[in-house]
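A short worksheet on the structure shown next.
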Amino acid sequence: MKNRLIIFWNFLIVCSLFLSCASAPEKKEAVQQVDSSTVVQTHFTKIKLEPGKILSNIKSESNSNVSFSVYVPSEYNDTTLPPVVYFFDPHADGNLPLEKYKSVADAFKFIMVGCNSVENGMPFEQSQQIANVLFSDCQNRLPISTQQQIIAGFSGGSKVACNLAMSQHFFSGLIACSGALFENGKFDKNMSVVSVAGINDFNYHEMVALEKSVDVTHHAFIETDSTHQWPDKSDMYDAMLFTLMQMVKQNKLQIQKTVIENYYQTWLKKINSLQNKSSVDKQFKQLQFGVVCFDGLTDVASLKSKLKEIENSESLRKWRMRSQNLQYQEKEMQKMLRDAFSNQNISWWQKEIADLKIAAKNSNDKMLAAMSNRLLGFIGIACYSFAKQLVNENAPESDKVLQIYQTVEPNNSEAWFLSAVYHANNKQPEKAMAVFNKAVQSGFNQTSRINEYPALQQIVAP
């Protein structure tokens with residue numbers, strides 16, 4: 001088991017570049033290896049737009065295996081070329097972010113494109129080729145401004161977006177949600193970068209690191225209270241607001257001063273309503289965001305004054321000191337949990353997970369609760385990656401890891417589905433059927449995946 005553990009953590013490091021969601025997508029049709037830079041397209045058919053409606057499953061004209069979805073704002077008119085935002089979802093569900101952020105697109109009057117052909121587990125080279133096809137199609141078939149192109153993603157899709165932003169320098173902005181890749185000097189300095197993550201998200205520290213390390217001129221961090229998920233509409237609104245304001249500062253986008261002032265007052269009203277409910281650190285970050293977002297476009301003297309007051313406060317100093325202590329504790333806990341896969345039994349794991357879940361519900365200590373939630377997420381993603389590898393090898397350690405997975409995430413259909421595969425492979429049809437039914441009860445609906453496992457197929461779909 002110890003040797004397997006070493007292999008596992010090397011495997012997990014690689015997987016973390018592509019996988020940040022603990023549920024598996026349905027397999028997509030293989031995409032032909034076509035680099036858009038080599039595609040010679042003599043004619044592109046313009047997409048017939050329907051304002052206020054999502055157009056799903058639009059096929060690329062240079063590679064029919066690449067598809068995307070498009071949303072045009074409800075008040076769209078063809079007198080100007082609007083900005084475009086390309087969204088990358090970890091499960092290749094291009095409709096999901098478009099459906100979620102329709103109101104944001106309507107508010108700012110930009111076009112949204114959701115990629116349906118890039119998903120977790122793809123090599124970056126393949127995802128880049130697909131993205132190049134997507135960008136080429138959209139730039140030729142949609143009425144968009146090539147000077148106002150923004151890329152956004154969540155989890156594994158965010159890592160893809162980061163990678164594309166480092167390799168393609170025509171983007172005006174990057175919105176990275178709960179997943180990051182970065183190298184110093186790789187991002188265009190004129191591109192704005194917004195990092196978004198919840199304090200309960202196991203990728204929270206990864207996003208903080210992105211915000212601290214990125215070397216572009218305009219960057220911001222939006223901290224939410226959520227777990228590992230696409231940001232709420234309100235948070236995506238702020239991320240888009242920041243991105244668009246930086247484009248205005250660089251003269252890439254023209255917006256009337258009265259409109260900017262209205263954006264500022266609306267944002268200020270929302271922040272003032274939240275200040276008393278937020279931690280001192282979050283208040284500081286919100287004010288810092290406002291200064292960077294609007295400075296140079298309107299008068300932010302009052303924000304700067306409040307920011308300086310909080311920055312020098314004893315409460316912020318104490319908060320940061322405790323945060324640093326908990327961050328160290330969290331790293332030590334992660335090391336202990338990694339070792340526990342090989343040296344602790346299932347009873348130990350059940351107690352440890354139960355204790356973390358109790359701490360996660362502690363409303364009196366939000367910092368400890370958030371750390372506990374992140375550790376639970378850490379266990380979940382580790383179990384997902386480890387279980388997939390072990391089940392594919394039909395290794396005897398599979399059962400223990402699957403039990404840990406089911407304990408930490410009892411409502412995750414993938415934990416039960418992989419368990420069904422394991423029991424089917426070991427000729428335990430009754431157990432396989434029982435846990436497969438639990439997978440279905442937990443939301444499993446990717447029936448085509450059953451065909452990948454002949455032993456399970458004979459049991460559940462004879």
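Residue names in the structure tokens use chain letters A, B, ... in the order shown, residue numbers from 1 in each chain, and ligand numbers from 1 in the order shown.
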
Inset, instruction - May I have the residues within 9 Å of region 245-254 of chain A as an MDAnalysis selection string, using only C-alpha atoms and disregarding those fewer than 3 positions away in the same chain? - result: chainID A and resid 83 147:148 172:173 190:192 218 240:242 260 293:294 296:297

Would you tabulate, counting only C-alpha atoms, all residues of region 326-399 of chain A that have an atom at most 12 Å from an atom of region 426-444 of chain A, showing the closest pair of atoms and their distance in Å to one decimal, sorted by chain then ascending number, as CSV?
residue,atom,partner,partner_atom,distance
A:Val391,CA,A:Asn426,CA,10.5
A:Glu393,CA,A:Asn426,CA,11.6
A:Asn394,CA,A:Asn426,CA,8.0
A:Ala395,CA,A:Asn426,CA,10.2
A:Pro396,CA,A:Asn426,CA,9.8
A:Ser398,CA,A:Asn426,CA,11.2
A:Asp399,CA,A:Asn426,CA,10.9

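Taking only C-alpha atoms, the non-local environment of region 158-166 of chain A within 8 Å (same-chain residues fewer than 5 positions away omitted) comprises Leu17, Phe18, Phe88, Asp89, Pro90, Phe124, Ser127, Gln128, Ile151, Ala152, Gly153, Phe171, Leu174, Ile175, Ala176, Cys177, Ser178, Gly179, Ala180, Leu181, Phe182, Lys186, Phe187 and Asp188 of chain A.
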
Legend entry - Near-Lys331 (chain A) list (12 Å; only C-alpha atoms; drop same-chain fewer than 4 positions) as an NGL selection string: :A and (202 or 205 or 324-327 or 335-338 or 371-372 or 374-375 or 378)

Inset, instruction - Give me the residues within 12 Å of region 406-411 of chain A as a PyMOL selection string, counting only C-alpha atoms and dropping any in the same chain fewer than 4 places off. - result: chain A and resi 22-23+346-357+372-384+387+399-402+415-419+435+438-444

As a tab-separated table (two decimals) with C-alpha atoms, in the first residue's frame, please: the residues near region 207-216 of chain A (cut-off 6 Å, only C-alpha atoms, same-chain neighbours under 3 positions excluded).
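The resulting file, selection.tsv, is reproduced below:
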chain	number	residue	atom	x	y	z
A	189	LYS	CA	0.75	42.52	-18.44
A	195	SER	CA	-9.38	35.23	-9.09
A	204	TYR	CA	-9.10	28.46	-1.95

Legend entry - Which of A:Ile450, A:Ile404, A:Gln256, A:Lys109 sits closest to Gln344 (chain A) [using only C-alpha atoms]: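 Comparing A:Ile450, A:Ile404, A:Gln256, A:Lys109 against Gln344 (chain A), the winner is A:Ile404.
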
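When CA of Phe386 (chain A) is paired with CA of Ser342 (chain A), their separation reads 12.0 Å.
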
Inset, instruction - Report the distance between CA of Thr80 (chain A) and CA of Ser60 (chain A) in Å, rounded to one decimal place. - result: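 Taking CA of Thr80 (chain A) as the start and CA of Ser60 (chain A) as the end point, the length is 24.2 Å.
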
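Residues surrounding Cys138 (chain A) within 10 Å are A:Phe44, A:Lys46, A:Ile47, A:Ser60, A:Phe68, A:Val70, A:Val84, A:Tyr86, A:Val113, A:Asn132, A:Val133, A:Leu134, A:Phe135, A:Arg141, A:Leu142, A:Pro143, A:Ile144, A:Thr146 [only C-alpha atoms; sequence separation below 3 positions excluded].
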
Selected residues, N, CA and C atoms, written as a JSON list (two decimals), in the first residue's frame, please.
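Once written, result-v6.json looks like this:
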[["chain", "number", "residue", "atom", "x", "y", "z"],
["A", 44, "PHE", "N", -17.31, 31.66, -43.88],
["A", 44, "PHE", "CA", -17.95, 31.30, -42.62],
["A", 44, "PHE", "C", -19.41, 31.72, -42.66],
["A", 46, "LYS", "N", -22.52, 33.08, -40.95],
["A", 46, "LYS", "CA", -22.84, 33.82, -39.74],
["A", 46, "LYS", "C", -23.92, 33.09, -38.94],
["A", 47, "ILE", "N", -23.78, 33.13, -37.63],
["A", 47, "ILE", "CA", -24.76, 32.49, -36.75],
["A", 47, "ILE", "C", -25.97, 33.40, -36.62],
["A", 60, "SER", "N", -18.81, 23.70, -35.06],
["A", 60, "SER", "CA", -17.77, 24.47, -35.73],
["A", 60, "SER", "C", -17.77, 24.14, -37.21],
["A", 68, "PHE", "N", -20.25, 24.49, -29.49],
["A", 68, "PHE", "CA", -20.34, 25.52, -28.45],
["A", 68, "PHE", "C", -21.76, 26.06, -28.39],
["A", 70, "VAL", "N", -24.15, 29.68, -27.42],
["A", 70, "VAL", "CA", -24.04, 31.14, -27.50],
["A", 70, "VAL", "C", -25.25, 31.79, -26.84],
["A", 84, "VAL", "N", -17.01, 39.74, -25.80],
["A", 84, "VAL", "CA", -17.40, 38.34, -25.74],
["A", 84, "VAL", "C", -16.67, 37.68, -24.58],
["A", 86, "TYR", "N", -15.70, 33.84, -23.22],
["A", 86, "TYR", "CA", -15.65, 32.40, -23.49],
["A", 86, "TYR", "C", -15.61, 31.67, -22.15],
["A", 113, "VAL", "N", -20.14, 32.78, -24.78],
["A", 113, "VAL", "CA", -19.92, 31.54, -25.52],
["A", 113, "VAL", "C", -19.51, 30.47, -24.52],
["A", 132, "ASN", "N", -8.71, 26.75, -30.08],
["A", 132, "ASN", "CA", -8.34, 27.52, -31.26],
["A", 132, "ASN", "C", -9.41, 27.45, -32.34],
["A", 133, "VAL", "N", -9.98, 26.25, -32.50],
["A", 133, "VAL", "CA", -11.08, 26.08, -33.45],
["A", 133, "VAL", "C", -12.28, 26.92, -33.01],
["A", 134, "LEU", "N", -12.57, 26.87, -31.71],
["A", 134, "LEU", "CA", -13.69, 27.64, -31.16],
["A", 134, "LEU", "C", -13.50, 29.13, -31.38],
["A", 135, "PHE", "N", -12.31, 29.65, -31.04],
["A", 135, "PHE", "CA", -12.05, 31.08, -31.18],
["A", 135, "PHE", "C", -12.16, 31.51, -32.65],
["A", 141, "ARG", "N", -17.82, 34.21, -37.07],
["A", 141, "ARG", "CA", -19.27, 33.97, -37.24],
["A", 141, "ARG", "C", -20.14, 34.81, -36.30],
["A", 142, "LEU", "N", -19.53, 35.47, -35.32],
["A", 142, "LEU", "CA", -20.29, 36.29, -34.38],
["A", 142, "LEU", "C", -19.89, 37.75, -34.50],
["A", 143, "PRO", "N", -20.82, 38.67, -34.25],
["A", 143, "PRO", "CA", -20.50, 40.11, -34.31],
["A", 143, "PRO", "C", -19.86, 40.57, -33.00],
["A", 144, "ILE", "N", -18.60, 40.22, -32.80],
["A", 144, "ILE", "CA", -17.91, 40.52, -31.55],
["A", 144, "ILE", "C", -16.70, 41.39, -31.81],
["A", 146, "THR", "N", -12.95, 41.99, -31.46],
["A", 146, "THR", "CA", -11.74, 41.21, -31.22],
["A", 146, "THR", "C", -10.81, 41.88, -30.21]]

Legend entry - Computed interatomic separation between CA of Glu332 (chain A) and CA of Asn412 (chain A) (Å):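 Computing it gives 26.5 Å between the two atoms.
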
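The shortest atom-to-atom distance to Ile130 (chain A), with only C-alpha atoms taken into account, belongs to A:Cys115 out of A:Cys115, A:His43, A:Gln149, A:Ala424.
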
Legend entry - DSSP alpha helix (DSSP H) residues within region 139-265 of chain A, as a PyMOL selection string: chain A and resi 139-141+156-167+204-213+233-249+257-265

Please produce a file of the residues just selected, as a JSON list (two decimals), in the first residue's frame, where the atoms kept are C-alpha atoms.
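Saved to again.json:
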[["chain", "number", "residue", "atom", "x", "y", "z"],
["A", 139, "GLN", "CA", -14.37, 35.54, -34.37],
["A", 140, "ASN", "CA", -15.64, 34.88, -37.91],
["A", 141, "ARG", "CA", -19.27, 33.97, -37.24],
["A", 156, "GLY", "CA", -10.55, 22.23, -14.30],
["A", 157, "GLY", "CA", -12.08, 24.61, -16.85],
["A", 158, "SER", "CA", -10.37, 27.49, -15.06],
["A", 159, "LYS", "CA", -7.00, 25.76, -15.38],
["A", 160, "VAL", "CA", -7.68, 25.45, -19.11],
["A", 161, "ALA", "CA", -8.62, 29.15, -19.25],
["A", 162, "CYS", "CA", -5.40, 30.10, -17.43],
["A", 163, "ASN", "CA", -3.34, 27.99, -19.80],
["A", 164, "LEU", "CA", -5.01, 29.57, -22.83],
["A", 165, "ALA", "CA", -4.53, 33.06, -21.40],
["A", 166, "MET", "CA", -0.81, 32.37, -21.03],
["A", 167, "SER", "CA", -0.45, 31.03, -24.57],
["A", 204, "TYR", "CA", -9.10, 28.46, -1.95],
["A", 205, "HIS", "CA", -5.37, 28.73, -1.20],
["A", 206, "GLU", "CA", -4.57, 28.00, -4.84],
["A", 207, "MET", "CA", -6.62, 31.04, -5.87],
["A", 208, "VAL", "CA", -5.02, 33.23, -3.19],
["A", 209, "ALA", "CA", -1.64, 32.19, -4.57],
["A", 210, "LEU", "CA", -2.71, 33.21, -8.07],
["A", 211, "GLU", "CA", -3.77, 36.66, -6.87],
["A", 212, "LYS", "CA", -0.50, 37.15, -4.95],
["A", 213, "SER", "CA", 1.79, 35.86, -7.70],
["A", 233, "LYS", "CA", -24.40, 35.72, -10.22],
["A", 234, "SER", "CA", -23.53, 38.57, -7.87],
["A", 235, "ASP", "CA", -19.87, 37.53, -7.72],
["A", 236, "MET", "CA", -19.63, 37.00, -11.47],
["A", 237, "TYR", "CA", -21.19, 40.46, -11.89],
["A", 238, "ASP", "CA", -18.34, 41.94, -9.82],
["A", 239, "ALA", "CA", -15.73, 39.95, -11.76],
["A", 240, "MET", "CA", -17.13, 41.22, -15.07],
["A", 241, "LEU", "CA", -17.44, 44.76, -13.69],
["A", 242, "PHE", "CA", -13.75, 44.75, -12.76],
["A", 243, "THR", "CA", -12.73, 43.35, -16.15],
["A", 244, "LEU", "CA", -14.78, 45.87, -18.10],
["A", 245, "MET", "CA", -13.54, 48.82, -16.02],
["A", 246, "GLN", "CA", -9.94, 47.86, -16.75],
["A", 247, "MET", "CA", -10.80, 47.73, -20.46],
["A", 248, "VAL", "CA", -12.19, 51.26, -20.16],
["A", 249, "LYS", "CA", -8.94, 52.43, -18.53],
["A", 257, "LYS", "CA", -19.03, 58.55, -17.37],
["A", 258, "THR", "CA", -22.62, 58.63, -16.12],
["A", 259, "VAL", "CA", -22.89, 54.89, -16.68],
["A", 260, "ILE", "CA", -19.60, 54.25, -14.83],
["A", 261, "GLU", "CA", -20.80, 56.40, -11.93],
["A", 262, "ASN", "CA", -24.00, 54.38, -11.82],
["A", 263, "TYR", "CA", -21.97, 51.13, -11.70],
["A", 264, "TYR", "CA", -19.92, 52.57, -8.85],
["A", 265, "GLN", "CA", -22.89, 53.72, -6.78]]
